[in-house]
>>> print(open('coords-v5.pdb').read())   # PDB, C-alpha atoms
MODEL        1
ATOM      1  CA  MET A   1      14.277  53.104 -14.364  1.00  0.00           C
ATOM      2  CA  THR A   2      11.248  52.421 -16.426  1.00  0.00           C
ATOM      3  CA  ALA A   3       8.115  50.578 -15.396  1.00  0.00           C
ATOM      4  CA  CYS A   4       8.837  48.057 -18.160  1.00  0.00           C
ATOM      5  CA  TYR A   5      12.223  47.208 -16.614  1.00  0.00           C
ATOM      6  CA  HIS A   6      10.669  46.685 -13.181  1.00  0.00           C
ATOM      7  CA  LYS A   7       8.009  44.458 -14.721  1.00  0.00           C
ATOM      8  CA  VAL A   8      10.653  42.285 -16.406  1.00  0.00           C
ATOM      9  CA  VAL A   9      12.646  41.982 -13.158  1.00  0.00           C
ATOM     10  CA  LEU A  10       9.475  41.059 -11.246  1.00  0.00           C
ATOM     11  CA  MET A  11       8.611  38.409 -13.866  1.00  0.00           C
ATOM     12  CA  GLU A  12      12.128  36.932 -13.624  1.00  0.00           C
ATOM     13  CA  GLN A  13      11.950  36.822  -9.822  1.00  0.00           C
ATOM     14  CA  THR A  14       8.517  35.191  -9.944  1.00  0.00           C
ATOM     15  CA  ALA A  15       9.734  32.572 -12.427  1.00  0.00           C
ATOM     16  CA  ALA A  16      12.768  31.812 -10.256  1.00  0.00           C
ATOM     17  CA  ALA A  17      10.584  31.472  -7.155  1.00  0.00           C
ATOM     18  CA  GLU A  18       8.187  29.142  -8.982  1.00  0.00           C
ATOM     19  CA  THR A  19      11.081  27.012 -10.218  1.00  0.00           C
ATOM     20  CA  ASN A  20      12.467  26.702  -6.685  1.00  0.00           C
ATOM     21  CA  TYR A  21       9.013  25.807  -5.375  1.00  0.00           C
ATOM     22  CA  GLU A  22       8.715  22.977  -7.909  1.00  0.00           C
ATOM     23  CA  TYR A  23      11.813  21.223  -6.559  1.00  0.00           C
ATOM     24  CA  GLY A  24      10.859  21.078  -2.888  1.00  0.00           C
ATOM     25  CA  VAL A  25      12.118  22.385   0.399  1.00  0.00           C
ATOM     26  CA  LEU A  26      15.600  20.807   0.324  1.00  0.00           C
ATOM     27  CA  SER A  27      16.468  22.346  -3.019  1.00  0.00           C
ATOM     28  CA  ARG A  28      15.287  25.713  -1.715  1.00  0.00           C
ATOM     29  CA  ILE A  29      17.405  25.431   1.440  1.00  0.00           C
ATOM     30  CA  PHE A  30      20.445  23.932  -0.286  1.00  0.00           C
ATOM     31  CA  SER A  31      20.164  26.250  -3.267  1.00  0.00           C
ATOM     32  CA  SER A  32      23.930  26.206  -3.680  1.00  0.00           C
ATOM     33  CA  ARG A  33      26.950  24.296  -2.499  1.00  0.00           C
ATOM     34  CA  ALA A  34      27.891  27.388  -0.500  1.00  0.00           C
ATOM     35  CA  VAL A  35      24.827  26.969   1.728  1.00  0.00           C
ATOM     36  CA  ALA A  36      25.868  23.404   2.505  1.00  0.00           C
ATOM     37  CA  GLN A  37      29.421  24.568   3.307  1.00  0.00           C
ATOM     38  CA  ILE A  38      28.133  27.307   5.608  1.00  0.00           C
ATOM     39  CA  LEU A  39      25.839  24.885   7.432  1.00  0.00           C
ATOM     40  CA  ASP A  40      28.676  22.339   7.700  1.00  0.00           C
ATOM     41  CA  PHE A  41      30.820  25.066   9.240  1.00  0.00           C
ATOM     42  CA  PHE A  42      28.144  25.974  11.788  1.00  0.00           C
ATOM     43  CA  LEU A  43      27.499  22.317  12.648  1.00  0.00           C
ATOM     44  CA  ASP A  44      31.223  21.863  13.338  1.00  0.00           C
ATOM     45  CA  HIS A  45      31.517  25.164  15.258  1.00  0.00           C
ATOM     46  CA  LYS A  46      28.250  25.513  17.104  1.00  0.00           C
ATOM     47  CA  GLU A  47      29.656  26.717  20.436  1.00  0.00           C
ATOM     48  CA  PHE A  48      30.349  30.304  19.361  1.00  0.00           C
ATOM     49  CA  ASP A  49      29.091  33.063  17.110  1.00  0.00           C
ATOM     50  CA  TYR A  50      30.989  34.194  14.023  1.00  0.00           C
ATOM     51  CA  SER A  51      31.166  37.185  11.711  1.00  0.00           C
ATOM     52  CA  ALA A  52      30.624  36.832   7.974  1.00  0.00           C
ATOM     53  CA  ASN A  53      34.343  37.488   7.509  1.00  0.00           C
ATOM     54  CA  GLU A  54      35.295  34.655   9.901  1.00  0.00           C
ATOM     55  CA  ILE A  55      32.880  32.284   8.159  1.00  0.00           C
ATOM     56  CA  ALA A  56      34.409  33.207   4.805  1.00  0.00           C
ATOM     57  CA  LYS A  57      37.948  32.544   6.056  1.00  0.00           C
ATOM     58  CA  LYS A  58      37.053  29.206   7.674  1.00  0.00           C
ATOM     59  CA  THR A  59      35.001  27.898   4.714  1.00  0.00           C
ATOM     60  CA  GLY A  60      37.153  29.273   1.904  1.00  0.00           C
ATOM     61  CA  LEU A  61      34.097  30.984   0.418  1.00  0.00           C
ATOM     62  CA  SER A  62      34.168  34.620  -0.616  1.00  0.00           C
ATOM     63  CA  PHE A  63      32.824  37.283   1.700  1.00  0.00           C
ATOM     64  CA  ARG A  64      30.285  38.214  -0.991  1.00  0.00           C
ATOM     65  CA  THR A  65      28.987  34.634  -1.099  1.00  0.00           C
ATOM     66  CA  ILE A  66      28.621  34.504   2.685  1.00  0.00           C
ATOM     67  CA  PHE A  67      26.930  37.884   2.707  1.00  0.00           C
ATOM     68  CA  ARG A  68      24.542  36.719  -0.044  1.00  0.00           C
ATOM     69  CA  GLU A  69      23.526  33.487   1.728  1.00  0.00           C
ATOM     70  CA  ILE A  70      23.203  34.687   5.340  1.00  0.00           C
ATOM     71  CA  PRO A  71      19.848  36.480   4.930  1.00  0.00           C
ATOM     72  CA  ASP A  72      18.209  33.336   3.537  1.00  0.00           C
ATOM     73  CA  LEU A  73      19.629  31.175   6.332  1.00  0.00           C
ATOM     74  CA  GLU A  74      18.305  33.737   8.823  1.00  0.00           C
ATOM     75  CA  ASP A  75      14.879  33.777   7.145  1.00  0.00           C
ATOM     76  CA  ARG A  76      14.750  29.997   7.468  1.00  0.00           C
ATOM     77  CA  GLN A  77      15.787  30.399  11.136  1.00  0.00           C
ATOM     78  CA  LEU A  78      18.767  28.055  10.721  1.00  0.00           C
ATOM     79  CA  ILE A  79      21.126  30.757  11.991  1.00  0.00           C
ATOM     80  CA  PHE A  80      20.497  33.956  13.886  1.00  0.00           C
ATOM     81  CA  ASN A  81      22.204  37.237  14.590  1.00  0.00           C
ATOM     82  CA  THR A  82      23.476  37.052  18.168  1.00  0.00           C
ATOM     83  CA  ARG A  83      24.975  40.500  18.561  1.00  0.00           C
ATOM     84  CA  ARG A  84      26.683  43.374  16.854  1.00  0.00           C
ATOM     85  CA  ILE A  85      30.299  44.340  17.537  1.00  0.00           C
ATOM     86  CA  GLY A  86      30.776  47.812  16.114  1.00  0.00           C
ATOM     87  CA  LYS A  87      29.468  47.473  12.574  1.00  0.00           C
ATOM     88  CA  VAL A  88      29.932  43.690  12.434  1.00  0.00           C
ATOM     89  CA  ASN A  89      27.039  41.250  12.903  1.00  0.00           C
ATOM     90  CA  MET A  90      27.772  37.956  14.608  1.00  0.00           C
ATOM     91  CA  TYR A  91      25.896  34.759  13.686  1.00  0.00           C
ATOM     92  CA  ARG A  92      25.280  31.453  15.377  1.00  0.00           C
ATOM     93  CA  LEU A  93      23.557  28.166  14.553  1.00  0.00           C
ATOM     94  CA  ASN A  94      19.991  28.050  15.915  1.00  0.00           C
ATOM     95  CA  LEU A  95      20.281  25.047  18.219  1.00  0.00           C
ATOM     96  CA  ASP A  96      16.723  25.635  19.499  1.00  0.00           C
ATOM     97  CA  LEU A  97      15.269  24.702  16.104  1.00  0.00           C
ATOM     98  CA  GLU A  98      14.363  21.007  15.912  1.00  0.00           C
ATOM     99  CA  ALA A  99      15.261  21.004  12.212  1.00  0.00           C
ATOM    100  CA  VAL A 100      18.859  21.889  13.123  1.00  0.00           C
ATOM    101  CA  ALA A 101      19.066  18.875  15.455  1.00  0.00           C
ATOM    102  CA  SER A 102      17.685  16.708  12.648  1.00  0.00           C
ATOM    103  CA  LEU A 103      20.151  18.224  10.191  1.00  0.00           C
ATOM    104  CA  GLU A 104      23.017  17.504  12.587  1.00  0.00           C
ATOM    105  CA  LYS A 105      21.907  13.883  12.957  1.00  0.00           C
ATOM    106  CA  PHE A 106      21.495  13.537   9.185  1.00  0.00           C
ATOM    107  CA  SER A 107      24.955  15.016   8.601  1.00  0.00           C
ATOM    108  CA  LEU A 108      26.562  12.657  11.128  1.00  0.00           C
ATOM    109  CA  GLU A 109      24.865   9.568   9.684  1.00  0.00           C
ATOM    110  CA  MET A 110      25.767  10.511   6.117  1.00  0.00           C
ATOM    111  CA  SER A 111      29.425  11.069   7.063  1.00  0.00           C
ATOM    112  CA  GLN A 112      29.492   7.634   8.728  1.00  0.00           C
ATOM    113  CA  ILE A 113      28.053   6.068   5.566  1.00  0.00           C
ATOM    114  CA  ALA A 114      30.628   7.901   3.460  1.00  0.00           C
ATOM    115  CA  ASN A 115      33.455   6.711   5.729  1.00  0.00           C
ATOM    116  CA  ARG A 116      32.307   3.108   5.438  1.00  0.00           C
ATOM    117  CA  ALA A 117      32.101   3.384   1.654  1.00  0.00           C
ATOM    118  CA  VAL A 118      35.650   4.732   1.454  1.00  0.00           C
ATOM    119  CA  LYS A 119      37.145   2.196   3.856  1.00  0.00           C
ATOM    120  CA  PRO A 120      38.629  -0.710   1.884  1.00  0.00           C
ATOM    121  CA  ARG A 121      36.642  -3.916   2.125  1.00  0.00           C
ATOM    122  CA  LEU A 122      38.326  -6.940   3.672  1.00  0.00           C
ATOM    123  CA  THR A 123      38.179 -10.316   1.991  1.00  0.00           C
ATOM    124  CA  GLU A 124      36.520 -13.101   3.962  1.00  0.00           C
ATOM    125  CA  ARG A 125      39.905 -14.621   4.814  1.00  0.00           C
ATOM    126  CA  GLU A 126      41.328 -11.251   5.919  1.00  0.00           C
ATOM    127  CA  ASP A 127      38.248 -10.757   8.074  1.00  0.00           C
ATOM    128  CA  GLU A 128      38.767 -14.198   9.692  1.00  0.00           C
ATOM    129  CA  LEU A 129      42.457 -13.488  10.327  1.00  0.00           C
ATOM    130  CA  PHE A 130      41.592 -10.131  11.840  1.00  0.00           C
ATOM    131  CA  ASP A 131      39.099 -11.823  14.188  1.00  0.00           C
ATOM    132  CA  GLU A 132      41.697 -14.468  15.120  1.00  0.00           C
ATOM    133  CA  MET A 133      44.237 -11.760  15.902  1.00  0.00           C
ATOM    134  CA  GLY A 134      41.700 -10.081  18.167  1.00  0.00           C
ATOM    135  CA  SER A 135      40.982 -13.308  20.071  1.00  0.00           C
ATOM    136  CA  PHE A 136      44.736 -14.079  20.285  1.00  0.00           C
ATOM    137  CA  SER A 137      45.320 -10.622  21.744  1.00  0.00           C
ATOM    138  CA  GLU A 138      42.583 -11.213  24.328  1.00  0.00           C
ATOM    139  CA  VAL A 139      44.207 -14.523  25.353  1.00  0.00           C
ATOM    140  CA  GLN A 140      47.603 -12.815  25.750  1.00  0.00           C
ATOM    141  CA  HIS A 141      46.097 -10.101  27.985  1.00  0.00           C
ATOM    142  CA  THR A 142      44.354 -12.646  30.232  1.00  0.00           C
ATOM    143  CA  LYS A 143      47.621 -14.600  30.755  1.00  0.00           C
ATOM    144  CA  HIS A 144      49.406 -11.542  32.239  1.00  0.00           C
TER     145      HIS A 144
ENDMDL
END
>>> encode(input="coords-v5.pdb", output="structure tokens")
Amino acid sequence: MTACYHKVVLMEQTAAAETNYEYGVLSRIFSSRAVAQILDFFLDHKEFDYSANEIAKKTGLSFRTIFREIPDLEDRQLIFNTRRIGKVNMYRLNLDLEAVASLEKFSLEMSQIANRAVKPRLTEREDELFDEMGSFSEVQHTKH
């Protein structure tokens, strides 16, 4: 390949890196929806280590996508290679990293907010009736 080609590739990589830098750390970490899905998977399955193939099956992402994103997640120390079984690397969430604990807390709080937003809102009267039913139930239990 020519020196000109390498120069163009280097310029494109530099421009992409500068663009990512402009948007901040979260946009660099969550560069794609796939990264979020992989991290969601690891947050839900943090007890064990998993191969790229297992992660692909559980997330519904392609093996190529998993294989593309793992090195960046390793570089950011969010996951790490725990062992090698034959030719297969196994990965696990880095629970020793404070950022992972913060990410887990953030994820939990955001899912609670999302659940509240989806839950249908009660009218004031429905809310009152619900409270009355609760107090009626308490009275019934104390009588027995």
>>> atom_distance(input="coords-v5.pdb", atom1="CA of Phe106 (chain A)", atom2="CA of Ala56 (chain A)")
23.9 Å
>>> residues_around(input="coords-v5.pdb", residues="Asp44 (chain A)", least_positions_apart="6", cutoff="12 Å", atoms="only C-alpha atoms", output="list in words")
Gln37, Ile38, Ile55, Lys58, Thr59, Arg92, Leu93, Glu104, Ser107 and Leu108 of chain A
>>> atom_distance(input="coords-v5.pdb", atom1="CA of Thr65 (chain A)", atom2="CA of Lys46 (chain A)")
20.4 Å
>>> closest_residue(input="coords-v5.pdb", among="A:Leu103, A:Ala52, A:Ile29, A:Ala114", to="Asn89 (chain A)", atoms="all atoms listed in the file")
A:Ala52
>>> atom_distance(input="coords-v5.pdb", atom1="CA of Leu78 (chain A)", atom2="CA of Leu95 (chain A)")
8.2 Å
